[in-house]
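Chemist: coords14.csv (CSV, C-alpha atoms and all ligand atoms) pasted underneath:
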```
chain,number,residue,atom,x,y,z
A,30,MET,CA,25.0,14.9,27.1
A,31,THR,CA,23.7,13.3,23.9
A,32,SER,CA,20.5,14.2,22.1
A,33,SER,CA,18.6,11.3,23.5
A,34,ASP,CA,19.3,12.1,27.2
A,35,GLY,CA,16.0,14.0,27.8
A,36,LEU,CA,14.0,11.2,26.2
A,37,LEU,CA,15.8,8.6,28.2
A,38,ALA,CA,15.0,10.4,31.5
A,39,GLU,CA,11.3,10.6,30.5
A,40,GLN,CA,11.4,6.9,29.6
A,41,ARG,CA,12.8,6.0,33.1
A,42,ALA,CA,10.1,8.2,34.7
A,43,TYR,CA,7.4,6.6,32.7
A,44,TYR,CA,8.3,3.1,33.7
A,45,ARG,CA,8.6,4.1,37.4
A,46,ALA,CA,5.1,5.6,37.3
A,47,ARG,CA,3.7,2.7,35.3
A,48,ALA,CA,5.1,0.0,37.6
A,49,PRO,CA,1.8,-0.8,39.4
A,50,GLU,CA,-0.1,-1.2,36.1
A,51,TYR,CA,2.7,-2.7,34.0
A,52,ASP,CA,1.5,-6.3,34.3
A,53,ASP,CA,-2.0,-5.4,33.2
A,54,TRP,CA,-0.4,-5.2,29.7
A,55,TRP,CA,1.4,-8.6,30.0
A,56,GLN,CA,-1.7,-10.3,31.5
A,57,ARG,CA,-4.1,-8.4,29.1
A,58,ARG,CA,-6.2,-7.2,31.9
A,59,GLY,CA,-8.3,-4.0,32.3
A,60,ARG,CA,-7.6,-1.4,29.6
A,61,TYR,CA,-5.5,-4.1,27.8
A,62,ASP,CA,-8.3,-6.6,27.6
A,63,ARG,CA,-8.9,-7.0,23.8
A,64,GLY,CA,-11.3,-10.0,23.8
A,65,GLU,CA,-11.0,-13.7,23.5
A,66,ALA,CA,-9.7,-14.1,19.9
A,67,PHE,CA,-6.8,-11.6,20.6
A,68,GLN,CA,-6.1,-13.3,24.0
A,69,THR,CA,-5.7,-16.7,22.4
A,70,VAL,CA,-3.2,-15.5,19.8
A,71,TRP,CA,-1.4,-13.5,22.6
A,72,GLU,CA,-1.1,-16.6,24.8
A,73,ASN,CA,0.1,-18.8,22.0
A,74,ASP,CA,2.7,-16.2,21.1
A,75,VAL,CA,3.9,-15.9,24.8
A,76,ALA,CA,4.1,-19.7,24.9
A,77,ASP,CA,6.1,-19.7,21.6
A,78,ALA,CA,8.6,-17.1,23.0
A,79,GLU,CA,8.9,-19.1,26.3
A,80,ARG,CA,9.7,-22.2,24.3
A,81,ALA,CA,12.3,-20.3,22.3
A,82,LEU,CA,14.0,-19.2,25.5
A,83,ALA,CA,13.8,-22.7,26.9
A,84,GLY,CA,15.3,-24.1,23.7
A,85,PHE,CA,18.1,-21.5,23.8
A,86,GLY,CA,19.0,-22.6,27.3
A,87,ALA,CA,20.0,-19.6,29.5
A,88,THR,CA,22.5,-21.5,31.5
A,89,GLY,CA,25.5,-20.3,33.6
A,90,SER,CA,25.5,-16.7,34.7
A,91,VAL,CA,23.0,-14.3,33.1
A,92,ILE,CA,22.7,-10.6,33.0
A,93,GLU,CA,19.1,-9.4,32.4
A,94,PHE,CA,18.9,-5.9,31.1
A,95,ALA,CA,15.7,-4.0,32.1
A,96,ALA,CA,14.2,-6.8,34.2
A,97,GLY,CA,11.2,-4.8,35.1
A,98,THR,CA,8.5,-6.6,37.1
A,99,GLY,CA,10.4,-9.9,36.6
A,100,ASN,CA,8.2,-11.6,34.1
A,101,TRP,CA,11.3,-13.2,32.5
A,102,THR,CA,13.5,-13.3,35.6
A,103,ARG,CA,11.9,-16.4,37.0
A,104,HIS,CA,12.3,-18.2,33.7
A,105,LEU,CA,15.9,-17.3,33.7
A,106,ALA,CA,16.4,-18.3,37.3
A,107,LYS,CA,15.1,-21.8,36.5
A,108,THR,CA,18.0,-22.5,34.2
A,109,ALA,CA,20.8,-20.2,35.2
A,110,SER,CA,23.2,-20.5,38.1
A,111,HIS,CA,23.1,-16.7,38.7
A,112,VAL,CA,21.0,-13.8,37.4
A,113,THR,CA,21.9,-10.2,37.7
A,114,ALA,CA,18.6,-8.5,37.0
A,115,LEU,CA,19.2,-4.8,36.3
A,116,ASP,CA,16.6,-2.1,36.0
A,117,ALA,CA,16.4,1.7,36.5
A,118,SER,CA,13.1,1.4,38.4
A,119,PRO,CA,13.1,0.4,42.1
A,120,GLU,CA,9.3,0.2,41.8
A,121,THR,CA,9.3,-2.5,39.1
A,122,LEU,CA,12.1,-4.4,40.9
A,123,ALA,CA,10.0,-4.5,44.1
A,124,ILE,CA,7.3,-6.2,42.1
A,125,ALA,CA,9.9,-8.6,40.7
A,126,ALA,CA,11.1,-9.4,44.2
A,127,SER,CA,7.7,-10.2,45.5
A,128,LYS,CA,7.1,-12.5,42.5
A,129,LEU,CA,10.4,-14.3,43.3
A,130,GLU,CA,9.5,-14.5,47.0
A,131,ARG,CA,6.0,-15.9,46.2
A,132,GLY,CA,7.5,-18.5,43.9
A,133,ALA,CA,10.0,-19.4,46.5
A,134,ASN,CA,7.3,-19.9,49.1
A,135,LEU,CA,5.3,-22.0,46.7
A,136,GLU,CA,8.3,-24.1,46.0
A,137,GLY,CA,9.6,-24.6,49.5
A,138,GLY,CA,11.6,-21.4,50.0
A,139,VAL,CA,14.8,-22.5,48.1
A,140,GLY,CA,16.3,-22.2,44.7
A,141,GLU,CA,15.4,-19.5,42.2
A,142,ILE,CA,15.3,-16.5,44.5
A,143,ASP,CA,18.7,-17.2,45.9
A,144,ARG,CA,20.2,-17.2,42.4
A,145,VAL,CA,18.9,-13.7,41.5
A,146,GLU,CA,20.5,-10.4,42.4
A,147,LEU,CA,18.2,-7.4,41.7
A,148,VAL,CA,20.2,-4.3,40.9
A,149,THR,CA,18.7,-0.8,40.5
A,150,GLY,CA,20.6,1.2,38.0
A,151,ASP,CA,20.7,2.9,34.6
A,152,ILE,CA,21.8,0.6,31.9
A,153,PHE,CA,23.6,3.4,30.1
A,154,GLY,CA,25.8,4.0,33.2
A,155,PHE,CA,26.3,0.3,34.1
A,156,GLU,CA,29.7,-1.3,34.1
A,157,PRO,CA,29.9,-5.1,34.8
A,158,ASP,CA,32.3,-6.2,37.5
A,159,ARG,CA,32.3,-9.8,36.2
A,160,THR,CA,31.5,-11.5,32.9
A,161,TYR,CA,28.3,-13.4,32.0
A,162,ASP,CA,27.5,-16.4,29.8
A,163,VAL,CA,24.2,-14.9,28.6
A,164,ALA,CA,22.8,-11.5,28.1
A,165,PHE,CA,19.0,-11.4,28.1
A,166,MET,CA,16.7,-8.5,27.3
A,167,GLY,CA,12.9,-8.7,27.2
A,168,PHE,CA,11.1,-5.7,25.7
A,169,TRP,CA,14.2,-3.5,26.2
A,170,HIS,CA,16.0,-3.4,22.8
A,171,SER,CA,13.2,-1.3,21.2
A,172,HIS,CA,13.8,1.3,24.0
A,173,VAL,CA,17.4,1.9,23.0
A,174,PRO,CA,17.7,5.1,20.9
A,175,ALA,CA,19.6,5.0,17.6
A,176,ASP,CA,22.4,7.1,18.9
A,177,ARG,CA,23.0,4.7,21.8
A,178,LEU,CA,22.7,1.4,19.8
A,179,GLU,CA,26.5,1.1,19.3
A,180,SER,CA,27.4,1.9,22.9
A,181,PHE,CA,24.7,-0.4,24.2
A,182,TRP,CA,26.0,-3.4,22.2
A,183,ALA,CA,29.6,-2.5,23.3
A,184,LEU,CA,28.3,-2.9,26.9
A,185,VAL,CA,26.8,-6.3,26.0
A,186,ASP,CA,30.2,-7.2,24.5
A,187,ARG,CA,31.9,-6.1,27.8
A,188,CYS,CA,29.4,-8.1,29.8
A,189,LEU,CA,29.8,-11.4,27.9
A,190,ALA,CA,32.5,-14.1,28.3
A,191,PRO,CA,34.4,-15.0,25.1
A,192,ASP,CA,31.8,-17.6,24.2
A,193,GLY,CA,28.8,-15.6,25.5
A,194,ARG,CA,25.4,-15.5,23.9
A,195,PHE,CA,22.5,-13.2,23.9
A,196,PHE,CA,18.7,-13.7,23.7
A,197,LEU,CA,16.2,-10.9,22.9
A,198,ILE,CA,12.5,-10.8,22.9
A,199,ASP,CA,10.6,-7.6,21.9
A,200,ASN,CA,7.5,-6.3,20.1
A,201,ALA,CA,7.2,-7.3,16.5
A,202,HIS,CA,6.7,-4.4,14.0
A,203,PRO,CA,3.1,-3.1,14.4
A,204,SER,CA,2.2,-4.0,10.8
A,205,LEU,CA,2.2,-7.7,11.9
A,206,THR,CA,-0.5,-7.1,14.5
A,207,GLN,CA,-2.6,-4.8,12.4
A,208,GLY,CA,-5.9,-6.4,11.4
A,209,LEU,CA,-6.0,-9.0,14.2
A,210,ALA,CA,-9.4,-9.1,15.8
A,211,GLY,CA,-9.4,-6.8,18.8
A,212,SER,CA,-6.1,-5.2,18.0
A,213,PRO,CA,-6.1,-1.4,18.2
A,214,LEU,CA,-2.8,-1.2,16.3
A,215,GLU,CA,-3.1,0.7,13.1
A,216,VAL,CA,-0.2,1.7,10.8
A,217,HIS,CA,-1.2,4.8,8.9
A,218,THR,CA,-1.0,5.0,5.2
A,219,THR,CA,2.5,6.6,4.8
A,220,GLY,CA,3.8,3.9,7.1
A,221,GLU,CA,5.5,6.5,9.2
A,222,THR,CA,3.1,6.7,12.1
A,223,ALA,CA,0.8,4.2,13.9
A,224,THR,CA,-1.6,4.3,16.8
A,225,SER,CA,-2.0,1.7,19.5
A,226,GLY,CA,-4.2,1.5,22.6
A,227,GLN,CA,-1.4,3.3,24.4
A,228,GLY,CA,-1.0,6.4,22.1
A,229,THR,CA,0.6,7.5,18.9
A,230,ILE,CA,3.8,5.8,17.6
A,231,ASP,CA,6.2,7.8,15.4
A,232,LEU,CA,7.6,4.8,13.4
A,233,ALA,CA,10.0,7.0,11.4
A,234,GLY,CA,11.3,8.9,14.4
A,235,GLY,CA,11.5,5.9,16.7
A,236,THR,CA,9.4,7.4,19.6
A,237,ALA,CA,6.0,6.7,21.1
A,238,GLU,CA,3.5,8.6,23.2
A,239,ARG,CA,2.3,6.6,26.2
A,240,THR,CA,-0.5,7.4,28.6
A,241,LEU,CA,-1.1,6.0,32.1
A,242,THR,CA,-4.6,5.2,33.5
A,243,ASP,CA,-4.5,8.5,35.4
A,244,GLY,CA,-4.1,10.4,32.1
A,245,ARG,CA,-0.4,11.3,32.5
A,246,SER,CA,1.4,11.2,29.1
A,247,PHE,CA,5.0,10.5,28.4
A,248,GLU,CA,7.3,10.3,25.3
A,249,ILE,CA,9.6,7.3,25.1
A,250,VAL,CA,11.9,5.6,22.7
A,251,LYS,CA,10.2,2.8,20.6
A,252,ARG,CA,12.2,1.4,17.7
A,253,TYR,CA,10.7,-1.5,15.9
A,254,PHE,CA,12.8,-4.0,14.0
A,255,THR,CA,11.9,-6.8,11.7
A,256,PRO,CA,14.0,-10.0,11.8
A,257,ALA,CA,15.9,-8.8,8.7
A,258,SER,CA,16.5,-5.2,10.0
A,259,LEU,CA,17.6,-6.5,13.4
A,260,ALA,CA,20.1,-9.0,11.8
A,261,GLU,CA,21.5,-6.2,9.6
A,262,ALA,CA,21.8,-3.6,12.4
A,263,LEU,CA,23.5,-6.0,14.8
A,264,GLY,CA,25.5,-7.6,12.0
A,265,ASP,CA,27.0,-4.2,11.4
A,266,LEU,CA,28.1,-4.2,15.0
A,267,GLY,CA,29.8,-7.6,14.8
A,268,TRP,CA,27.0,-9.9,15.9
A,269,ALA,CA,25.7,-13.1,14.2
A,270,VAL,CA,22.0,-13.1,14.8
A,271,GLU,CA,19.1,-15.6,14.2
A,272,ALA,CA,15.8,-13.7,14.4
A,273,ARG,CA,12.2,-14.5,13.7
A,274,THR,CA,8.7,-13.4,14.8
A,275,THR,CA,6.0,-15.3,16.5
A,276,GLU,CA,2.6,-15.3,14.7
A,277,ARG,CA,1.7,-11.7,15.5
A,278,PHE,CA,3.3,-10.1,18.5
A,279,PHE,CA,6.9,-10.8,19.2
A,280,LEU,CA,10.3,-10.6,17.7
A,281,VAL,CA,12.6,-13.3,19.1
A,282,ALA,CA,16.3,-13.4,18.4
A,283,ASP,CA,19.5,-14.9,19.7
A,284,GLY,CA,23.1,-14.6,18.7
A,285,ARG,CA,26.8,-14.3,19.5
A,286,ARG,CA,29.8,-12.4,18.4
A,287,ARG,CA,30.5,-13.1,14.7
A,288,ASP,CA,34.2,-13.8,15.3
A,289,GLN,CA,33.5,-16.2,18.2
A,290,PRO,CA,35.3,-19.5,18.1
B,301,LIG,C1,9.0,-2.6,28.6
B,301,LIG,S1,9.7,-2.8,30.2
B,301,LIG,C2,10.4,-4.4,30.1
B,301,LIG,C3,10.4,-5.1,31.4
B,301,LIG,C4,10.7,-6.6,31.4
B,301,LIG,N1,12.0,-6.9,30.8
B,301,LIG,C5,9.6,-7.4,30.7
B,301,LIG,O1,9.8,-8.0,29.7
B,301,LIG,O2,8.4,-7.3,31.1
B,301,LIG,C6,11.1,-1.7,30.1
B,301,LIG,C7,11.9,-1.6,31.3
B,301,LIG,O3,13.1,-0.8,31.1
B,301,LIG,C8,13.4,-0.1,32.3
B,301,LIG,N2,14.3,1.0,31.9
B,301,LIG,C9,13.9,2.1,31.2
B,301,LIG,N3,15.0,2.9,31.0
B,301,LIG,C10,16.1,2.2,31.6
B,301,LIG,C11,17.4,2.5,31.8
B,301,LIG,N4,18.0,3.6,31.3
B,301,LIG,N5,18.2,1.7,32.5
B,301,LIG,C12,17.7,0.6,33.0
B,301,LIG,N6,16.4,0.2,32.9
B,301,LIG,C13,15.6,1.1,32.2
B,301,LIG,C14,12.1,0.3,32.8
B,301,LIG,O4,12.1,0.6,34.2
B,301,LIG,C15,11.2,-1.0,32.5
B,301,LIG,O5,11.2,-1.8,33.6
```
Now that the file is in, can you turn its structure into structure tokens?
Ligand SMILES: C[S@@+](CC[C@H](N)C(=O)[O-])C[C@H]1O[C@@H](n2cnc3c(N)ncnc32)[C@H](O)[C@@H]1O
Modeler:
Amino acid sequence: MTSSDGLLAEQRAYYRARAPEYDDWWQRRGRYDRGEAFQTVWENDVADAERALAGFGATGSVIEFAAGTGNWTRHLAKTASHVTALDASPETLAIAASKLERGANLEGGVGEIDRVELVTGDIFGFEPDRTYDVAFMGFWHSHVPADRLESFWALVDRCLAPDGRFFLIDNAHPSLTQGLAGSPLEVHTTGETATSGQGTIDLAGGTAERTLTDGRSFEIVKRYFTPASLAEALGDLGWAVEARTTERFFLVADGRRRDQP
């Protein structure tokens, strides 16, 4: 048992409970609707991240960590020959499955869905039984606690073939979103805490409070990186990283082992 075990259990419970309302955030609907100006920047940033992934080219076999409701799974399945989409929440994976099925029906029932294997499981207990060409993680890296960072990247290393690559997209540091019209994000003066539409963020401690529409509240891991701090943290673990942010919202990075041929 490590010190983050309780927090990780609460984080898994949070995402299971949040599954039916998760895509409201991604689609900026309901309580996440922040008006037109915000929506325009959001959509541009999503398109920027999608172009970055397309440019990266997630070909061959892909492991997707924390696939959730499958917002990235279908993109991956367009370019990959196989996707193992892993998540601890059966509720989010059921939504991912229905999106893949819907897409397959629209496209004549063949292709992407047949290339995806949805796997319910805890990332921190996962052991690959094969190697992959690409490891992908969307909005997952910020949920890895500091005391698990090294073992998580050791898992990525075990998952990847000798010339394997990774691609990561996540939330940019809140300071980048502060001041945007409609954005509720506010970094407080000491820089150690912030508030968002979802609750209080402990920037120094790497945790956040999250509430659901029914009022239930959870504490989860939320560690923000800048492009420089990500490159440094992963560089210390032996990875060569190219990282940047989109205009306001996202951190986008890719890389490979530093000693790779
Ligand atoms: C912020 S969501 C990201 C989902 C998806 N990748 C996306 O971009 O929309 C985080 C996901 O991590 C999953 N998760 C949380 N803890 C996990 C764990 N220990 N092992 C596997 N998945 C976990 C949650 O169920 C949730 O689907």
Chemist: Got a sec: who's within 6 Å of Ala95 in chain A, counting all atoms listed in the file, leaving out chain neighbours fewer than 2 positions off, as a PyMOL selection string?
Modeler: chain A and resi 97+115-116
Chemist: Figure out the distance between CA of Leu214 in chain A and CA of Tyr43 in chain A, please, to one decimal in Å.
Modeler: 20.8 Å
Chemist: Given all atoms listed in the file, how would the per-residue table for chain A near ligand LIG 301 (chain B) read, listing every residue at most 7 Å away with its closest atom pair and distance in Å to one decimal, sorted by chain and number, as a Markdown table?
Modeler:
```
| residue | atom | partner | partner_atom | distance |
| --- | --- | --- | --- | --- |
| A:Leu37 | CA | B:LIG301 | N4 | 6.3 |
| A:Gln40 | CA | B:LIG301 | N3 | 5.6 |
| A:Arg41 | CA | B:LIG301 | N3 | 4.3 |
| A:Tyr44 | CA | B:LIG301 | O4 | 4.6 |
| A:Arg45 | CA | B:LIG301 | O4 | 5.9 |
| A:Phe94 | CA | B:LIG301 | N6 | 6.8 |
| A:Ala95 | CA | B:LIG301 | O3 | 4.2 |
| A:Ala96 | CA | B:LIG301 | N1 | 4.1 |
| A:Gly97 | CA | B:LIG301 | O5 | 3.4 |
| A:Thr98 | CA | B:LIG301 | O2 | 6.0 |
| A:Gly99 | CA | B:LIG301 | C4 | 6.2 |
| A:Asn100 | CA | B:LIG301 | O2 | 5.2 |
| A:Trp101 | CA | B:LIG301 | O1 | 6.1 |
| A:Leu115 | CA | B:LIG301 | C12 | 6.5 |
| A:Asp116 | CA | B:LIG301 | N6 | 3.9 |
| A:Ala117 | CA | B:LIG301 | C12 | 3.9 |
| A:Ser118 | CA | B:LIG301 | O4 | 4.4 |
| A:Thr121 | CA | B:LIG301 | O5 | 5.9 |
| A:Gly150 | CA | B:LIG301 | C12 | 5.8 |
| A:Asp151 | CA | B:LIG301 | N5 | 3.5 |
| A:Ile152 | CA | B:LIG301 | N5 | 3.8 |
| A:Phe153 | CA | B:LIG301 | N4 | 5.7 |
| A:Met166 | CA | B:LIG301 | N1 | 6.1 |
| A:Gly167 | CA | B:LIG301 | O1 | 4.0 |
| A:Phe168 | CA | B:LIG301 | C2 | 4.6 |
| A:Trp169 | CA | B:LIG301 | C6 | 5.3 |
```
Chemist: Please report the interatomic distance between CA of Gly235 in chain A and CA of Val250 in chain A in Å with one decimal.
Modeler: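 Interatomic distance, CA of Gly235 in chain A to CA of Val250 in chain A: 6.0 Å.
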Chemist: Do you have the CA of Ala126 in chain A-CA of Gly89 in chain A distance handy?
Modeler: 20.9 Å
Chemist: Between A:Asp143, A:Glu238, A:Asp176, A:Asp265, which is the closest to Ser225 in chain A once you count only C-alpha atoms?
Modeler: A:Glu238
Chemist: Point out the residue among A:Phe67, A:Phe278, A:Phe155, A:Tyr161 with the least atom-to-atom distance to Ser110 in chain A, counting all atoms listed in the file.
Modeler: A:Tyr161
Chemist: Using only C-alpha atoms, which residues sit within 10 Å of Val70 in chain A once same-chain residues fewer than 6 positions away are excluded, as JSON, numbers by chain?
Modeler: {"A": [76, 209, 210, 275, 276, 277, 278]}
Chemist: Tell me which protein, DNA and RNA residues are within 8 Å of range 192-198 of chain A, counting all atoms listed in the file, leaving out same-chain ones fewer than 4 positions away, and put them as an NGL selection string.
Modeler: :A and (78 or 82 or 85 or 161-168 or 170 or 279-286 or 289-290)
Chemist: Identify which of the residues A:Asp52, A:Asp231, A:Ala87, A:Val75 lies closest to Lys128 in chain A, counting all atoms listed in the file when measuring atom-to-atom distances.
Modeler: A:Asp52
Chemist: Do you know which residues are at most 12 Å from Thr160 in chain A counting only C-alpha atoms, after dropping those on the same chain fewer than 2 positions away, and could you put them as a count of residues only?
Modeler: 24
Chemist: Calculated over only C-alpha atoms, which of the candidates A:Thr102, A:Val145, A:Gly228, A:Asp199 has the smallest distance to Glu248 in chain A?
Modeler: A:Gly228
Chemist: Ser32 in chain A: which residues within 12 Å, counting all atoms listed in the file, same-chain residues fewer than 6 positions away excluded, as an MDAnalysis selection string?
Modeler: chainID A and resid 38 174:177
Chemist: Just need range 228-250 of chain A in a file, please: N, CA, C and O atoms, as a tab-separated table (two decimals), in the first residue's frame.
Modeler:
```
chain	number	residue	atom	x	y	z
A	228	GLY	N	-14.63	22.74	-8.95
A	228	GLY	CA	-14.21	22.71	-7.54
A	228	GLY	C	-12.85	23.35	-7.35
A	228	GLY	O	-12.32	24.00	-8.25
A	229	THR	N	-12.28	23.13	-6.15
A	229	THR	CA	-10.99	23.73	-5.81
A	229	THR	C	-9.85	22.83	-6.27
A	229	THR	O	-9.92	21.60	-6.15
A	230	ILE	N	-8.80	23.46	-6.79
A	230	ILE	CA	-7.62	22.70	-7.22
A	230	ILE	C	-6.47	23.05	-6.28
A	230	ILE	O	-6.17	24.23	-6.08
A	231	ASP	N	-5.84	22.03	-5.73
A	231	ASP	CA	-4.65	22.24	-4.89
A	231	ASP	C	-3.44	22.05	-5.82
A	231	ASP	O	-2.95	20.94	-6.00
A	232	LEU	N	-2.98	23.17	-6.40
A	232	LEU	CA	-1.90	23.08	-7.40
A	232	LEU	C	-0.61	22.58	-6.76
A	232	LEU	O	0.15	21.82	-7.37
A	233	ALA	N	-0.36	23.01	-5.53
A	233	ALA	CA	0.88	22.61	-4.86
A	233	ALA	C	0.83	21.12	-4.48
A	233	ALA	O	1.81	20.39	-4.63
A	234	GLY	N	-0.34	20.66	-4.02
A	234	GLY	CA	-0.46	19.28	-3.55
A	234	GLY	C	-0.77	18.28	-4.66
A	234	GLY	O	-0.67	17.07	-4.47
A	235	GLY	N	-1.22	18.79	-5.84
A	235	GLY	CA	-1.51	17.90	-6.96
A	235	GLY	C	-2.82	17.13	-6.80
A	235	GLY	O	-2.93	15.99	-7.24
A	236	THR	N	-3.80	17.78	-6.16
A	236	THR	CA	-5.12	17.15	-6.03
A	236	THR	C	-6.20	18.16	-6.42
A	236	THR	O	-5.93	19.37	-6.51
A	237	ALA	N	-7.40	17.67	-6.64
A	237	ALA	CA	-8.52	18.56	-6.95
A	237	ALA	C	-9.80	17.99	-6.37
A	237	ALA	O	-9.96	16.77	-6.25
A	238	GLU	N	-10.69	18.90	-6.00
A	238	GLU	CA	-12.02	18.51	-5.55
A	238	GLU	C	-12.93	18.54	-6.77
A	238	GLU	O	-12.84	19.48	-7.57
A	239	ARG	N	-13.72	17.52	-6.95
A	239	ARG	CA	-14.66	17.47	-8.08
A	239	ARG	C	-16.06	17.18	-7.58
A	239	ARG	O	-16.24	16.32	-6.71
A	240	THR	N	-17.04	17.88	-8.13
A	240	THR	CA	-18.42	17.59	-7.76
A	240	THR	C	-19.20	17.11	-8.98
A	240	THR	O	-18.90	17.49	-10.11
A	241	LEU	N	-20.19	16.29	-8.72
A	241	LEU	CA	-21.08	15.81	-9.78
A	241	LEU	C	-22.37	16.63	-9.74
A	241	LEU	O	-22.62	17.36	-8.77
A	242	THR	N	-23.19	16.49	-10.77
A	242	THR	CA	-24.43	17.29	-10.80
A	242	THR	C	-25.34	16.97	-9.63
A	242	THR	O	-26.12	17.82	-9.21
A	243	ASP	N	-25.24	15.75	-9.09
A	243	ASP	CA	-26.11	15.43	-7.94
A	243	ASP	C	-25.52	15.93	-6.62
A	243	ASP	O	-26.04	15.64	-5.55
A	244	GLY	N	-24.40	16.66	-6.69
A	244	GLY	CA	-23.84	17.28	-5.49
A	244	GLY	C	-22.76	16.44	-4.81
A	244	GLY	O	-22.06	16.92	-3.92
A	245	ARG	N	-22.59	15.17	-5.21
A	245	ARG	CA	-21.55	14.35	-4.59
A	245	ARG	C	-20.17	14.93	-4.88
A	245	ARG	O	-19.92	15.40	-5.99
A	246	SER	N	-19.29	14.85	-3.91
A	246	SER	CA	-17.97	15.46	-4.06
A	246	SER	C	-16.88	14.40	-3.88
A	246	SER	O	-17.00	13.50	-3.05
A	247	PHE	N	-15.80	14.52	-4.65
A	247	PHE	CA	-14.70	13.55	-4.62
A	247	PHE	C	-13.38	14.29	-4.63
A	247	PHE	O	-13.28	15.39	-5.17
A	248	GLU	N	-12.35	13.66	-4.09
A	248	GLU	CA	-10.99	14.21	-4.22
A	248	GLU	C	-10.22	13.30	-5.17
A	248	GLU	O	-10.22	12.07	-5.02
A	249	ILE	N	-9.57	13.92	-6.15
A	249	ILE	CA	-8.82	13.14	-7.15
A	249	ILE	C	-7.41	13.72	-7.31
A	249	ILE	O	-7.12	14.81	-6.82
A	250	VAL	N	-6.58	12.99	-8.02
A	250	VAL	CA	-5.23	13.48	-8.35
A	250	VAL	C	-5.35	14.42	-9.54
A	250	VAL	O	-6.06	14.13	-10.50
```
